[in-house]
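Enquirer: Dropping in upload-v1.cif, with mmCIF, N, CA and C atoms.
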data_model
#
loop_
_atom_site.label_atom_id
_atom_site.label_comp_id
_atom_site.auth_asym_id
_atom_site.auth_seq_id
_atom_site.Cartn_x
_atom_site.Cartn_y
_atom_site.Cartn_z
N MET A 409 -14.11 0.61 19.37
CA MET A 409 -13.27 -0.56 19.58
C MET A 409 -11.83 -0.19 19.19
N ASN A 410 -10.88 -0.44 20.08
CA ASN A 410 -9.49 -0.09 19.77
C ASN A 410 -8.82 -1.17 18.91
N LYS A 411 -7.64 -0.85 18.39
CA LYS A 411 -6.96 -1.75 17.46
C LYS A 411 -6.60 -3.08 18.11
N ARG A 412 -6.25 -3.05 19.39
CA ARG A 412 -5.92 -4.31 20.08
C ARG A 412 -7.12 -5.25 20.08
N ASN A 413 -8.28 -4.71 20.38
CA ASN A 413 -9.49 -5.55 20.40
C ASN A 413 -9.84 -6.06 19.02
N ILE A 414 -9.64 -5.22 18.00
CA ILE A 414 -9.91 -5.66 16.63
C ILE A 414 -9.00 -6.83 16.27
N PHE A 415 -7.70 -6.72 16.58
CA PHE A 415 -6.78 -7.82 16.29
C PHE A 415 -7.10 -9.05 17.12
N ALA A 416 -7.54 -8.86 18.35
CA ALA A 416 -7.92 -10.00 19.19
C ALA A 416 -9.10 -10.75 18.57
N VAL A 417 -10.12 -10.01 18.16
CA VAL A 417 -11.31 -10.63 17.54
C VAL A 417 -10.92 -11.32 16.23
N LEU A 418 -10.14 -10.65 15.39
CA LEU A 418 -9.73 -11.25 14.11
C LEU A 418 -8.89 -12.51 14.33
N THR A 419 -8.01 -12.48 15.33
CA THR A 419 -7.18 -13.65 15.62
C THR A 419 -8.04 -14.82 16.08
N ILE A 420 -9.00 -14.56 16.93
CA ILE A 420 -9.90 -15.62 17.41
C ILE A 420 -10.74 -16.16 16.25
N LEU A 421 -11.30 -15.26 15.45
CA LEU A 421 -12.11 -15.70 14.30
C LEU A 421 -11.29 -16.53 13.32
N TRP A 422 -10.06 -16.08 13.04
CA TRP A 422 -9.22 -16.82 12.08
C TRP A 422 -8.87 -18.21 12.64
N THR A 423 -8.61 -18.29 13.93
CA THR A 423 -8.32 -19.58 14.56
C THR A 423 -9.54 -20.50 14.45
N ILE A 424 -10.72 -19.95 14.66
CA ILE A 424 -11.94 -20.75 14.53
C ILE A 424 -12.11 -21.23 13.09
N ILE A 425 -11.80 -20.37 12.13
CA ILE A 425 -11.89 -20.77 10.71
C ILE A 425 -10.91 -21.91 10.43
N ILE A 426 -9.69 -21.78 10.91
CA ILE A 426 -8.68 -22.83 10.71
C ILE A 426 -9.17 -24.15 11.30
N TRP A 427 -9.59 -24.11 12.56
CA TRP A 427 -10.04 -25.33 13.22
C TRP A 427 -11.32 -25.86 12.60
N GLY A 428 -12.22 -24.98 12.20
CA GLY A 428 -13.46 -25.41 11.55
C GLY A 428 -13.18 -26.11 10.24
N HIS A 429 -12.20 -25.61 9.50
CA HIS A 429 -11.84 -26.23 8.23
C HIS A 429 -11.28 -27.64 8.46
N SER A 430 -10.62 -27.84 9.59
CA SER A 430 -10.07 -29.16 9.91
C SER A 430 -11.16 -30.16 10.27
N MET A 431 -12.35 -29.67 10.56
CA MET A 431 -13.45 -30.56 10.91
C MET A 431 -14.22 -31.05 9.69
N ILE A 432 -13.85 -30.57 8.51
CA ILE A 432 -14.51 -31.00 7.27
C ILE A 432 -14.00 -32.40 6.92
N PRO A 433 -14.90 -33.35 6.67
CA PRO A 433 -14.46 -34.71 6.30
C PRO A 433 -13.58 -34.70 5.05
N ALA A 434 -12.77 -35.72 4.91
CA ALA A 434 -11.77 -35.80 3.85
C ALA A 434 -12.37 -35.66 2.46
N GLN A 435 -13.48 -36.31 2.20
CA GLN A 435 -14.07 -36.27 0.86
C GLN A 435 -14.45 -34.84 0.47
N ALA A 436 -15.10 -34.10 1.35
CA ALA A 436 -15.49 -32.71 1.06
C ALA A 436 -14.27 -31.82 0.92
N SER A 437 -13.27 -32.06 1.75
CA SER A 437 -12.04 -31.28 1.68
C SER A 437 -11.31 -31.52 0.36
N SER A 438 -11.29 -32.78 -0.09
CA SER A 438 -10.66 -33.11 -1.37
C SER A 438 -11.38 -32.46 -2.53
N GLN A 439 -12.70 -32.43 -2.48
CA GLN A 439 -13.47 -31.78 -3.54
C GLN A 439 -13.15 -30.29 -3.59
N GLU A 440 -13.05 -29.68 -2.42
CA GLU A 440 -12.74 -28.26 -2.34
C GLU A 440 -11.37 -27.95 -2.94
N SER A 441 -10.36 -28.72 -2.56
CA SER A 441 -9.03 -28.46 -3.11
C SER A 441 -8.95 -28.85 -4.58
N GLY A 442 -9.76 -29.82 -5.01
CA GLY A 442 -9.82 -30.18 -6.42
C GLY A 442 -10.32 -29.03 -7.28
N VAL A 443 -11.31 -28.30 -6.78
CA VAL A 443 -11.83 -27.13 -7.49
C VAL A 443 -10.73 -26.08 -7.62
N VAL A 444 -9.97 -25.86 -6.56
CA VAL A 444 -8.88 -24.88 -6.58
C VAL A 444 -7.80 -25.31 -7.57
N VAL A 445 -7.44 -26.58 -7.56
CA VAL A 445 -6.42 -27.10 -8.49
C VAL A 445 -6.87 -26.87 -9.93
N GLU A 446 -8.12 -27.22 -10.22
CA GLU A 446 -8.64 -27.06 -11.57
C GLU A 446 -8.62 -25.59 -12.00
N LEU A 447 -9.06 -24.72 -11.12
CA LEU A 447 -9.08 -23.29 -11.42
C LEU A 447 -7.68 -22.74 -11.67
N LEU A 448 -6.74 -23.07 -10.80
CA LEU A 448 -5.37 -22.57 -10.95
C LEU A 448 -4.69 -23.13 -12.19
N ASN A 449 -4.97 -24.37 -12.52
CA ASN A 449 -4.41 -24.95 -13.75
C ASN A 449 -4.98 -24.26 -15.00
N LYS A 450 -6.26 -23.87 -14.96
CA LYS A 450 -6.85 -23.12 -16.07
C LYS A 450 -6.21 -21.74 -16.20
N VAL A 451 -5.99 -21.08 -15.07
CA VAL A 451 -5.33 -19.77 -15.08
C VAL A 451 -3.91 -19.91 -15.61
N ALA A 452 -3.20 -20.93 -15.17
CA ALA A 452 -1.83 -21.16 -15.65
C ALA A 452 -1.81 -21.38 -17.16
N PHE A 453 -2.76 -22.16 -17.67
CA PHE A 453 -2.85 -22.41 -19.10
C PHE A 453 -3.12 -21.11 -19.86
N PHE A 454 -4.06 -20.32 -19.36
CA PHE A 454 -4.41 -19.05 -19.99
C PHE A 454 -3.21 -18.10 -20.03
N LEU A 455 -2.39 -18.11 -18.97
CA LEU A 455 -1.22 -17.22 -18.89
C LEU A 455 0.03 -17.85 -19.52
N HIS A 456 -0.15 -19.02 -20.14
CA HIS A 456 0.94 -19.74 -20.80
C HIS A 456 2.03 -20.19 -19.83
N PHE A 457 1.63 -20.47 -18.60
CA PHE A 457 2.54 -21.08 -17.63
C PHE A 457 2.34 -22.58 -17.70
N PRO A 458 3.34 -23.34 -17.34
CA PRO A 458 3.12 -24.79 -17.33
C PRO A 458 2.10 -25.16 -16.26
N ALA A 459 1.10 -25.91 -16.66
CA ALA A 459 0.09 -26.37 -15.71
C ALA A 459 0.63 -27.60 -15.00
N GLY A 460 -0.12 -28.13 -14.11
CA GLY A 460 0.29 -29.35 -13.44
C GLY A 460 0.33 -29.23 -11.93
N LEU A 461 -0.35 -28.22 -11.38
CA LEU A 461 -0.44 -28.13 -9.93
C LEU A 461 -1.19 -29.34 -9.41
N THR A 462 -0.74 -29.86 -8.32
CA THR A 462 -1.37 -31.05 -7.76
C THR A 462 -2.17 -30.71 -6.51
N ASP A 463 -3.07 -31.61 -6.16
CA ASP A 463 -3.85 -31.47 -4.95
C ASP A 463 -2.93 -31.36 -3.73
N HIS A 464 -1.89 -32.16 -3.72
CA HIS A 464 -0.94 -32.15 -2.60
C HIS A 464 -0.28 -30.77 -2.45
N PHE A 465 0.17 -30.21 -3.56
CA PHE A 465 0.81 -28.89 -3.54
C PHE A 465 -0.16 -27.82 -3.04
N ILE A 466 -1.38 -27.85 -3.53
CA ILE A 466 -2.39 -26.86 -3.12
C ILE A 466 -2.68 -26.98 -1.63
N ARG A 467 -2.81 -28.20 -1.14
CA ARG A 467 -3.10 -28.39 0.29
C ARG A 467 -1.97 -27.86 1.17
N LYS A 468 -0.75 -28.16 0.79
CA LYS A 468 0.39 -27.71 1.61
C LYS A 468 0.56 -26.19 1.54
N THR A 469 0.30 -25.63 0.37
CA THR A 469 0.35 -24.17 0.23
C THR A 469 -0.75 -23.52 1.07
N ALA A 470 -1.92 -24.15 1.11
CA ALA A 470 -3.01 -23.63 1.92
C ALA A 470 -2.64 -23.65 3.40
N HIS A 471 -2.02 -24.74 3.84
CA HIS A 471 -1.55 -24.81 5.24
C HIS A 471 -0.63 -23.63 5.54
N PHE A 472 0.38 -23.46 4.72
CA PHE A 472 1.37 -22.40 4.92
C PHE A 472 0.69 -21.03 4.93
N SER A 473 -0.19 -20.80 3.98
CA SER A 473 -0.83 -19.49 3.81
C SER A 473 -1.77 -19.14 4.96
N GLU A 474 -2.58 -20.10 5.39
CA GLU A 474 -3.52 -19.78 6.46
C GLU A 474 -2.78 -19.49 7.77
N TYR A 475 -1.65 -20.10 7.96
CA TYR A 475 -0.87 -19.81 9.16
C TYR A 475 -0.03 -18.55 9.01
N ALA A 476 0.30 -18.17 7.78
CA ALA A 476 0.95 -16.87 7.55
C ALA A 476 -0.02 -15.76 7.97
N VAL A 477 -1.28 -15.92 7.63
CA VAL A 477 -2.29 -14.94 8.05
C VAL A 477 -2.39 -14.93 9.58
N LEU A 478 -2.40 -16.09 10.20
CA LEU A 478 -2.44 -16.16 11.66
C LEU A 478 -1.23 -15.45 12.26
N GLY A 479 -0.05 -15.69 11.69
CA GLY A 479 1.16 -15.01 12.18
C GLY A 479 1.03 -13.51 12.10
N PHE A 480 0.48 -13.01 11.00
CA PHE A 480 0.25 -11.57 10.84
C PHE A 480 -0.69 -11.04 11.91
N LEU A 481 -1.79 -11.75 12.13
CA LEU A 481 -2.77 -11.30 13.12
C LEU A 481 -2.19 -11.31 14.53
N VAL A 482 -1.43 -12.33 14.86
CA VAL A 482 -0.83 -12.42 16.19
C VAL A 482 0.21 -11.31 16.37
N CYS A 483 0.95 -10.99 15.31
CA CYS A 483 1.90 -9.86 15.39
C CYS A 483 1.16 -8.55 15.60
N GLY A 484 0.03 -8.38 14.91
CA GLY A 484 -0.77 -7.17 15.11
C GLY A 484 -1.30 -7.08 16.53
N LEU A 485 -1.73 -8.19 17.05
CA LEU A 485 -2.21 -8.24 18.43
C LEU A 485 -1.08 -7.88 19.38
N ARG A 486 0.09 -8.39 19.12
CA ARG A 486 1.26 -8.10 19.96
C ARG A 486 1.64 -6.63 19.86
N TYR A 487 1.58 -6.07 18.66
CA TYR A 487 1.97 -4.68 18.46
C TYR A 487 1.01 -3.72 19.15
N TRP A 488 -0.29 -3.95 18.97
CA TRP A 488 -1.28 -3.02 19.51
C TRP A 488 -1.67 -3.34 20.95
N GLY A 489 -1.29 -4.48 21.44
CA GLY A 489 -1.62 -4.84 22.81
C GLY A 489 -0.42 -4.67 23.72
N LYS A 490 -0.40 -5.47 24.76
CA LYS A 490 0.75 -5.47 25.66
C LYS A 490 1.94 -6.05 24.92
N ARG A 491 3.10 -5.49 25.10
CA ARG A 491 4.30 -5.90 24.38
C ARG A 491 4.86 -7.20 24.99
N THR A 492 4.23 -8.31 24.62
CA THR A 492 4.70 -9.60 25.09
C THR A 492 5.93 -10.00 24.29
N GLY A 493 6.67 -10.93 24.78
CA GLY A 493 7.85 -11.41 24.07
C GLY A 493 7.48 -12.16 22.81
N VAL A 494 8.43 -12.21 21.89
CA VAL A 494 8.20 -12.89 20.63
C VAL A 494 7.98 -14.39 20.86
N GLY A 495 8.53 -14.92 21.93
CA GLY A 495 8.37 -16.34 22.25
C GLY A 495 6.91 -16.72 22.45
N ILE A 496 6.15 -15.85 23.10
CA ILE A 496 4.72 -16.13 23.31
C ILE A 496 3.99 -16.10 21.98
N THR A 497 4.37 -15.19 21.10
CA THR A 497 3.76 -15.10 19.78
C THR A 497 4.01 -16.38 19.00
N VAL A 498 5.24 -16.83 18.99
CA VAL A 498 5.62 -18.05 18.27
C VAL A 498 4.94 -19.26 18.90
N PHE A 499 4.96 -19.34 20.21
CA PHE A 499 4.37 -20.48 20.92
C PHE A 499 2.87 -20.58 20.65
N SER A 500 2.17 -19.45 20.64
CA SER A 500 0.72 -19.49 20.42
C SER A 500 0.40 -20.03 19.02
N CYS A 501 1.19 -19.65 18.02
CA CYS A 501 0.96 -20.18 16.66
C CYS A 501 1.25 -21.68 16.60
N LEU A 502 2.28 -22.12 17.29
CA LEU A 502 2.59 -23.54 17.34
C LEU A 502 1.46 -24.32 18.00
N MET A 503 0.91 -23.78 19.07
CA MET A 503 -0.18 -24.46 19.75
C MET A 503 -1.43 -24.56 18.87
N VAL A 504 -1.74 -23.51 18.13
CA VAL A 504 -2.89 -23.55 17.21
C VAL A 504 -2.66 -24.67 16.19
N ALA A 505 -1.44 -24.77 15.66
CA ALA A 505 -1.12 -25.81 14.68
C ALA A 505 -1.24 -27.21 15.28
N LEU A 506 -0.75 -27.39 16.49
CA LEU A 506 -0.85 -28.71 17.14
C LEU A 506 -2.30 -29.10 17.39
N ILE A 507 -3.09 -28.15 17.86
CA ILE A 507 -4.51 -28.43 18.10
C ILE A 507 -5.22 -28.72 16.78
N ASP A 508 -4.86 -27.96 15.74
CA ASP A 508 -5.44 -28.15 14.41
C ASP A 508 -5.25 -29.58 13.92
N GLU A 509 -4.03 -30.07 14.00
CA GLU A 509 -3.76 -31.43 13.53
C GLU A 509 -4.36 -32.47 14.44
N THR A 510 -4.49 -32.17 15.73
CA THR A 510 -5.14 -33.10 16.67
C THR A 510 -6.62 -33.22 16.34
N ILE A 511 -7.27 -32.11 16.00
CA ILE A 511 -8.68 -32.15 15.62
C ILE A 511 -8.88 -33.13 14.47
N GLN A 512 -7.96 -33.12 13.50
CA GLN A 512 -8.11 -33.97 12.32
C GLN A 512 -8.05 -35.46 12.64
N LEU A 513 -7.48 -35.82 13.77
CA LEU A 513 -7.45 -37.23 14.17
C LEU A 513 -8.85 -37.79 14.41
N PHE A 514 -9.81 -36.90 14.67
CA PHE A 514 -11.16 -37.33 15.02
C PHE A 514 -12.18 -37.08 13.91
N VAL A 515 -11.69 -36.73 12.71
CA VAL A 515 -12.58 -36.43 11.59
C VAL A 515 -12.47 -37.53 10.55
N GLU A 516 -13.63 -37.94 10.02
CA GLU A 516 -13.69 -39.04 9.06
C GLU A 516 -12.76 -38.82 7.87
N GLY A 517 -11.87 -39.79 7.68
CA GLY A 517 -10.97 -39.76 6.53
C GLY A 517 -9.77 -38.83 6.65
N ARG A 518 -9.68 -38.11 7.75
CA ARG A 518 -8.58 -37.16 7.93
C ARG A 518 -7.56 -37.78 8.88
N SER A 519 -6.36 -37.23 8.86
CA SER A 519 -5.32 -37.67 9.78
C SER A 519 -4.45 -36.48 10.15
N GLY A 520 -4.07 -36.40 11.40
CA GLY A 520 -3.15 -35.35 11.83
C GLY A 520 -1.74 -35.76 11.46
N GLN A 521 -1.00 -34.85 10.87
CA GLN A 521 0.35 -35.18 10.43
C GLN A 521 1.35 -34.16 10.98
N ILE A 522 2.44 -34.68 11.49
CA ILE A 522 3.47 -33.81 12.05
C ILE A 522 4.06 -32.90 10.97
N THR A 523 4.14 -33.39 9.73
CA THR A 523 4.66 -32.53 8.65
C THR A 523 3.76 -31.32 8.45
N ASP A 524 2.47 -31.50 8.61
CA ASP A 524 1.56 -30.36 8.48
C ASP A 524 1.73 -29.37 9.62
N VAL A 525 2.01 -29.87 10.82
CA VAL A 525 2.30 -28.96 11.94
C VAL A 525 3.51 -28.09 11.58
N TRP A 526 4.54 -28.70 11.02
CA TRP A 526 5.74 -27.94 10.64
C TRP A 526 5.45 -26.94 9.53
N ILE A 527 4.67 -27.34 8.54
CA ILE A 527 4.32 -26.41 7.45
C ILE A 527 3.50 -25.25 8.00
N ASP A 528 2.53 -25.55 8.86
CA ASP A 528 1.71 -24.51 9.49
C ASP A 528 2.61 -23.55 10.27
N PHE A 529 3.43 -24.13 11.11
CA PHE A 529 4.30 -23.34 11.98
C PHE A 529 5.26 -22.48 11.16
N LEU A 530 5.80 -23.02 10.08
CA LEU A 530 6.71 -22.24 9.24
C LEU A 530 6.00 -21.07 8.57
N GLY A 531 4.74 -21.26 8.18
CA GLY A 531 3.97 -20.15 7.61
C GLY A 531 3.86 -19.00 8.60
N ALA A 532 3.51 -19.31 9.83
CA ALA A 532 3.41 -18.27 10.86
C ALA A 532 4.78 -17.70 11.19
N LEU A 533 5.77 -18.57 11.31
CA LEU A 533 7.11 -18.13 11.69
C LEU A 533 7.72 -17.19 10.66
N CYS A 534 7.51 -17.45 9.38
CA CYS A 534 8.04 -16.56 8.33
C CYS A 534 7.50 -15.15 8.50
N VAL A 535 6.20 -15.03 8.72
CA VAL A 535 5.60 -13.71 8.89
C VAL A 535 6.08 -13.06 10.18
N ILE A 536 6.18 -13.82 11.24
CA ILE A 536 6.66 -13.26 12.52
C ILE A 536 8.09 -12.76 12.37
N LEU A 537 8.94 -13.51 11.69
CA LEU A 537 10.33 -13.08 11.49
C LEU A 537 10.39 -11.82 10.62
N ILE A 538 9.64 -11.80 9.54
CA ILE A 538 9.62 -10.61 8.67
C ILE A 538 9.12 -9.39 9.45
N TYR A 539 8.06 -9.58 10.20
CA TYR A 539 7.51 -8.49 11.02
C TYR A 539 8.57 -7.94 11.97
N ASN A 540 9.27 -8.84 12.66
CA ASN A 540 10.27 -8.39 13.62
C ASN A 540 11.48 -7.74 12.94
N LEU A 541 11.88 -8.23 11.78
CA LEU A 541 12.97 -7.60 11.03
C LEU A 541 12.60 -6.19 10.57
N VAL A 542 11.37 -6.03 10.08
CA VAL A 542 10.92 -4.71 9.64
C VAL A 542 10.83 -3.76 10.84
N ARG A 543 10.28 -4.23 11.93
CA ARG A 543 10.20 -3.37 13.14
C ARG A 543 11.58 -2.97 13.61
N ARG A 544 12.52 -3.90 13.62
CA ARG A 544 13.87 -3.59 14.05
C ARG A 544 14.53 -2.57 13.11
N ALA A 545 14.35 -2.76 11.81
CA ALA A 545 14.92 -1.82 10.84
C ALA A 545 14.31 -0.43 11.01
N ASN A 546 13.00 -0.36 11.21
CA ASN A 546 12.35 0.93 11.43
C ASN A 546 12.83 1.59 12.71
N HIS A 547 13.00 0.79 13.74
CA HIS A 547 13.48 1.31 15.02
C HIS A 547 14.90 1.86 14.88
N GLU A 548 15.77 1.12 14.19
CA GLU A 548 17.15 1.58 13.98
C GLU A 548 17.18 2.83 13.12
N LYS A 549 16.32 2.90 12.11
CA LYS A 549 16.25 4.08 11.25
C LYS A 549 15.80 5.28 12.05
N LYS A 550 14.78 5.09 12.90
CA LYS A 550 14.28 6.18 13.74
C LYS A 550 15.37 6.66 14.70
N ASN A 551 16.11 5.72 15.30
CA ASN A 551 17.19 6.08 16.21
C ASN A 551 18.32 6.82 15.50
N SER A 552 18.68 6.38 14.31
CA SER A 552 19.76 7.04 13.59
C SER A 552 19.34 8.45 13.15
N ASN A 553 18.06 8.65 12.84
CA ASN A 553 17.57 9.98 12.49
C ASN A 553 17.55 10.90 13.70
N SER A 554 17.22 10.38 14.87
CA SER A 554 17.18 11.21 16.08
C SER A 554 18.58 11.57 16.54
N ILE A 555 19.57 10.75 16.27
CA ILE A 555 20.96 11.05 16.63
C ILE A 555 21.48 12.18 15.76
N ARG A 556 21.10 12.18 14.48
CA ARG A 556 21.55 13.22 13.55
C ARG A 556 20.95 14.58 13.86
N SER A 557 19.76 14.58 14.46
CA SER A 557 19.05 15.86 14.71
C SER A 557 19.67 16.67 15.80
#
As structure tokens, what does this structure read like?

Expert:
Amino acid sequence: MNKRNIFAVLTILWTIIIWGHSMIPAQASSQESGVVVELLNKVAFFLHFPAGLTDHFIRKTAHFSEYAVLGFLVCGLRYWGKRTGVGITVFSCLMVALIDETIQLFVEGRSGQITDVWIDFLGALCVILIYNLVRRANHEKKNSNSIRS
């Protein structure tokens, strides 16, 4: 299996995980994030950091993080596959976020929120921008080295 196919499979699986998580009813989702809040507050206390992480903060951070992973996977797919434009990469992450929040409209106790679409999209966009900046810097470095030779 080549790297493009690996990234394609990982991207599809990660999208399914994101959408599957959105299908969890609100009560179960709240319990899950409550466990994470409790654990992180215990770690913060142990490390002598101020505790006080909230469920809201954890949920929004989770949105951003899971889409940062998606952005990474889509960049890998773009790098190892056909060199599509960055616009398609960005658009695909936005569409996953829109579908994600739409799914939540049909789940008990959940609601799709435009703010979550933006948080999701920003998570992916940050990684896509960093990826493109690093690639550009590497490309310029490679070009400057070949000019000197």

Enquirer: Report, in Å with one decimal, the straight-line distance from atom N of A:Ala452 to atom N of A:Ser437.

Expert: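 Those two atoms sit 22.6 Å apart.
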
Enquirer: One number please: atom CA of A:Leu461 to atom C of A:Ile426, in Å, one decimal.

Expert: 23.3 Å

Enquirer: Using all atoms listed in the file, which of A:Val451, A:Ala416, A:Val444, A:Ala505 sits nearest A:Asp528?

Expert: A:Ala505

Enquirer: Find the distance between atom CA of A:Leu506 and atom CA of A:Phe529 and write it in Å to one decimal.

Expert: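 Atom CA of A:Phe529 lies at a distance of 9.1 Å from atom CA of A:Leu506.
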
Enquirer: Check the smallest atom-to-atom distance from each of A:Arg486, A:Thr423, A:Gly442, A:Phe465 to A:Leu502 using only C-alpha atoms, then report the winner.

Expert: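 Going through A:Arg486, A:Thr423, A:Gly442, A:Phe465 one by one, the smallest distance to A:Leu502 is for A:Thr423.
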
Enquirer: Name the residues captured by the PyMOL selection byres ((chain A and resi 478) around 7) when it is applied to the shown file; answer as a ChimeraX atom specification.

Expert: /A:419,422-423,473-477,479-483,501,532

Enquirer: Any chance you could export the current selection's N, CA and C atoms as a CSV table (one decimal), in the frame of the given file?

Expert:
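The file below, selection_35.csv, is the result:
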chain,number,residue,atom,x,y,z
A,419,THR,N,-8.0,-12.5,15.3
A,419,THR,CA,-7.2,-13.6,15.6
A,419,THR,C,-8.0,-14.8,16.1
A,422,TRP,N,-10.1,-16.1,13.0
A,422,TRP,CA,-9.2,-16.8,12.1
A,422,TRP,C,-8.9,-18.2,12.6
A,423,THR,N,-8.6,-18.3,13.9
A,423,THR,CA,-8.3,-19.6,14.6
A,423,THR,C,-9.5,-20.5,14.4
A,473,SER,N,-0.2,-20.8,4.0
A,473,SER,CA,-0.8,-19.5,3.8
A,473,SER,C,-1.8,-19.1,5.0
A,474,GLU,N,-2.6,-20.1,5.4
A,474,GLU,CA,-3.5,-19.8,6.5
A,474,GLU,C,-2.8,-19.5,7.8
A,475,TYR,N,-1.6,-20.1,8.0
A,475,TYR,CA,-0.9,-19.8,9.2
A,475,TYR,C,0.0,-18.6,9.0
A,476,ALA,N,0.3,-18.2,7.8
A,476,ALA,CA,1.0,-16.9,7.6
A,476,ALA,C,0.0,-15.8,8.0
A,477,VAL,N,-1.3,-15.9,7.6
A,477,VAL,CA,-2.3,-14.9,8.0
A,477,VAL,C,-2.4,-14.9,9.6
A,479,GLY,N,0.0,-15.7,11.7
A,479,GLY,CA,1.2,-15.0,12.2
A,479,GLY,C,1.0,-13.5,12.1
A,480,PHE,N,0.5,-13.0,11.0
A,480,PHE,CA,0.2,-11.6,10.8
A,480,PHE,C,-0.7,-11.0,11.9
A,481,LEU,N,-1.8,-11.8,12.1
A,481,LEU,CA,-2.8,-11.3,13.1
A,481,LEU,C,-2.2,-11.3,14.5
A,482,VAL,N,-1.4,-12.3,14.9
A,482,VAL,CA,-0.8,-12.4,16.2
A,482,VAL,C,0.2,-11.3,16.4
A,483,CYS,N,1.0,-11.0,15.3
A,483,CYS,CA,1.9,-9.9,15.4
A,483,CYS,C,1.2,-8.6,15.6
A,501,CYS,N,1.2,-19.6,18.0
A,501,CYS,CA,1.0,-20.2,16.7
A,501,CYS,C,1.2,-21.7,16.6
A,532,ALA,N,3.5,-19.3,9.8
A,532,ALA,CA,3.4,-18.3,10.9
A,532,ALA,C,4.8,-17.7,11.2

Enquirer: Using only N, CA and C atoms, which of A:Trp427, A:Ser441, A:Leu448, A:Leu455 sits nearest A:Val504?

Expert: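 Answer, going by the shortest atom-to-atom distance: A:Trp427.
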
Enquirer: Using all atoms listed in the file, pick whichever of A:Leu513, A:Val535, A:Val445, A:Met409 has the shortest atom-to-atom distance to A:Ile466.

Expert: A:Val445

Enquirer: Using all atoms listed in the file, find the one residue out of A:Leu485, A:Ala470, A:Phe499, A:Asn551 that sits nearest to A:Ile527.

Expert: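 Closest to A:Ile527 of all the choices is A:Ala470.
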
Enquirer: Taking only C-alpha atoms into account, name the residue in A:Ser430, A:Gly460, A:Val443, A:Arg544 that is nearest to A:Asp524.

Expert: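 That would be A:Ser430, the residue with the smallest distance to A:Asp524.
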
Enquirer: How big is the axis-aligned box, and where does its centre sit, when it encloses all atoms of stretch 427-437 of chain A listed in the file and has 5 Å added on every side, reported in Å to one decimal as JSON?

Expert:
{"center_x": -12.5, "center_y": -30.2, "center_z": 6.8, "size_x": 15.9, "size_y": 22.2, "size_z": 22.9}

Enquirer: Excluding A:Gly517 and residues on its chain fewer than 5 positions from it, collect all residues at most 8 Å away from it, counting only C-alpha atoms, and give them as a list in words.

Expert: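 The contact residues come out as Pro433, Ala434 and Gln435 of chain A.
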
Enquirer: Quick one: pick out all helix (DSSP H, G or I) residues within chain A from a backbone DSSP run and write them as JSON, numbers by chain.

Expert: {"A": [411, 412, 413, 414, 415, 416, 417, 418, 419, 420, 421, 422, 423, 424, 425, 426, 427, 428, 429, 430, 434, 435, 436, 437, 438, 439, 440, 441, 442, 443, 444, 445, 446, 447, 448, 449, 450, 451, 452, 453, 454, 463, 464, 465, 466, 467, 468, 469, 470, 471, 472, 473, 474, 475, 476, 477, 478, 479, 480, 481, 482, 483, 484, 485, 486, 487, 488, 494, 495, 496, 497, 498, 499, 500, 501, 502, 503, 504, 505, 506, 507, 508, 509, 510, 511, 512, 522, 523, 524, 525, 526, 527, 528, 529, 530, 531, 532, 533, 534, 535, 536, 537, 538, 539, 540, 541, 542, 543, 544, 545, 546, 547, 548, 549, 550, 551, 552, 553, 554, 555, 556]}
